[in-house]
Amino acid sequence: MDIKTLKYFLQICKDGSFSKASKNLYISQQGLSKAISNLEKELNVPLFNRNSSGNELTKYGEYLQNKAVSIVYQFDILDKGIKSMIEENKVHLKIGVSFGVLNALSIDIINEFSSLYPDIVLNIKEYTDFKCEEAVLNNKVDLGFAISYFDESLFNSQFVKSEKLYAIVNKNHHLCNLKEMKFEDLKDEKIIINSNHSKLRHNFLIKCLENKFDPNIYIESDEMILIHDLSKRNEGVGISIDFAHTPTCKISYIPFEDPTFTWNISIITKKNKIIDSNLQAFIDYILEKTKTN
């Protein structure tokens, strides 16, 4: 006799039928019937009188029902208490992440860390680039994965990895055959890019100003996939990262000639923040896993 089978039994008592109980328990009626049959064999008594009007409890079933309610209740209290004690021993780290960073890092890295450090719980929340920095400054998160560059008087930062940025153009666009994109090539083009909450947009504008023109920002979106989809429809030239796209033969990804125009991910912490051993373990793990990428 196990606690699961007792819970099955009580559910049948509550619902009055095997069919209703199986639906509420999310198991097959056949599986439920087998579990109760095994219980009856173990106790060597019938628990239900099965007839055309339903399933009535036998005197043995009534006795088991009265005792099982208390047993299951006490077990649930015990189980909840043990789990609560386990949770009290766990450390919760609050991690802020700029949009797109989880794709760049691979969620597998995060899952692997959780497997290696089961007593460290990662509470991850995504932000726009500047909001991620604000969350770090306001102690809403313990650290952030943010996009460079940073105010060094406010943050300590450690470089994680760099991603190339691309001009995304429809195959019918007049720029689609370029091997590399110069900023001056975009002078008269409709630009599809992240909103002004994004470092990517900010860095793009600086590069355009260095090349002596104001870009024609046609559409803004914080959804990278939308930027790719709009470029695919030839609504304009998208500026984004290649990994965010949905595979298609309708668009070209043209790298920028300027090697300094990149999407750089760093770990940031508030200046003078004390880094405890658990947070340092997470930082070290990320840096180790991404150093060859």
# chains A, B, ... in the order shown; residues from 1 in each chain; ligands from 1

call {"tool": "select_by_dssp", "arguments": {"residues": "stretch 26-65 of chain A", "states": "strand (DSSP E)", "output": "PyMOL selection string"}}
result
chain A and resi 48-51+54-57

call {"tool": "write_last_selection", "arguments": {"atoms": "C-alpha atoms", "output": "short mmCIF file (atom, residue, chain, number, x, y, z; two decimals), in the first residue's frame"}}
result
data_model
loop_
_atom_site.label_atom_id
_atom_site.label_comp_id
_atom_site.auth_asym_id
_atom_site.auth_seq_id
_atom_site.Cartn_x
_atom_site.Cartn_y
_atom_site.Cartn_z
CA PHE A 48 -16.22 -1.43 -3.76
CA ASN A 49 -19.43 -3.13 -4.73
CA ARG A 50 -19.46 -2.63 -8.49
CA ASN A 51 -22.99 -2.59 -9.87
CA GLY A 54 -22.21 2.85 -9.62
CA ASN A 55 -19.47 1.96 -7.18
CA GLU A 56 -20.58 1.69 -3.57
CA LEU A 57 -18.10 1.32 -0.73
#

call {"tool": "residues_around", "arguments": {"residues": "stretch 157-172 of chain A", "least_positions_apart": "4", "cutoff": "6 Å", "atoms": "only C-alpha atoms", "output": "PDB file with C-alpha atoms, in the first residue's frame"}}
result
ATOM      1  CA  CYS A 176      21.214  42.046 -51.492  1.00  0.00           C
ATOM      2  CA  SER A 231      12.930  42.518 -43.698  1.00  0.00           C
ATOM      3  CA  LYS A 232      11.798  39.311 -45.375  1.00  0.00           C
ATOM      4  CA  ASN A 234      10.995  43.897 -48.023  1.00  0.00           C
ATOM      5  CA  VAL A 237      16.646  46.932 -44.202  1.00  0.00           C
ATOM      6  CA  GLY A 238      16.768  45.233 -40.816  1.00  0.00           C
ATOM      7  CA  ILE A 239      19.654  45.581 -38.385  1.00  0.00           C
ATOM      8  CA  SER A 240      19.979  42.589 -36.101  1.00  0.00           C
ATOM      9  CA  ILE A 241      21.783  39.404 -35.109  1.00  0.00           C
ATOM     10  CA  LYS A 250      14.002  35.136 -49.009  1.00  0.00           C
ATOM     11  CA  ILE A 251      16.547  37.263 -47.130  1.00  0.00           C
ATOM     12  CA  SER A 252      20.287  37.850 -47.122  1.00  0.00           C
ATOM     13  CA  TYR A 253      22.430  38.470 -44.047  1.00  0.00           C
ATOM     14  CA  ILE A 254      25.143  40.945 -44.939  1.00  0.00           C
ATOM     15  CA  PRO A 255      27.873  41.543 -42.334  1.00  0.00           C
ATOM     16  CA  THR A 262      29.124  44.233 -32.819  1.00  0.00           C
ATOM     17  CA  TRP A 263      26.633  43.097 -30.190  1.00  0.00           C
ATOM     18  CA  ASN A 264      28.738  42.539 -27.077  1.00  0.00           C
ATOM     19  CA  ILE A 265      27.377  40.727 -24.042  1.00  0.00           C
ATOM     20  CA  SER A 266      28.869  41.391 -20.621  1.00  0.00           C
ATOM     21  CA  ILE A 267      28.073  40.437 -17.055  1.00  0.00           C
ATOM     22  CA  ILE A 268      27.496  43.572 -15.002  1.00  0.00           C
TER      23      ILE A 268
END

call {"tool": "atom_distance", "arguments": {"atom1": "atom CA of A:Asn216", "atom2": "atom CA of A:Gly236"}}
result
10.0 Å

call {"tool": "closest_residue", "arguments": {"among": "A:Ile219, A:Val72, A:Leu25, A:Leu93", "to": "A:Asn278", "atoms": "only C-alpha atoms"}}
result
A:Leu93

call {"tool": "residues_around", "arguments": {"residues": "stretch 132-140 of chain A", "least_positions_apart": "4", "cutoff": "10 Å", "atoms": "only C-alpha atoms", "output": "number ranges by chain"}}
result
A: 94-99, 125-128, 144-147, 150-151, 154-155, 268-271, 273

call {"tool": "select_by_dssp", "arguments": {"residues": "stretch 160-285 of chain A", "states": "helix (DSSP H, G or I)", "output": "MDAnalysis selection string"}}
result
chainID A and resid 183:186 199:210 224:232 242:244 277:285

call {"tool": "closest_residue", "arguments": {"among": "A:Ile109, A:Val69, A:Leu78, A:Leu143", "to": "A:Glu288", "atoms": "only C-alpha atoms"}}
result
A:Ile109
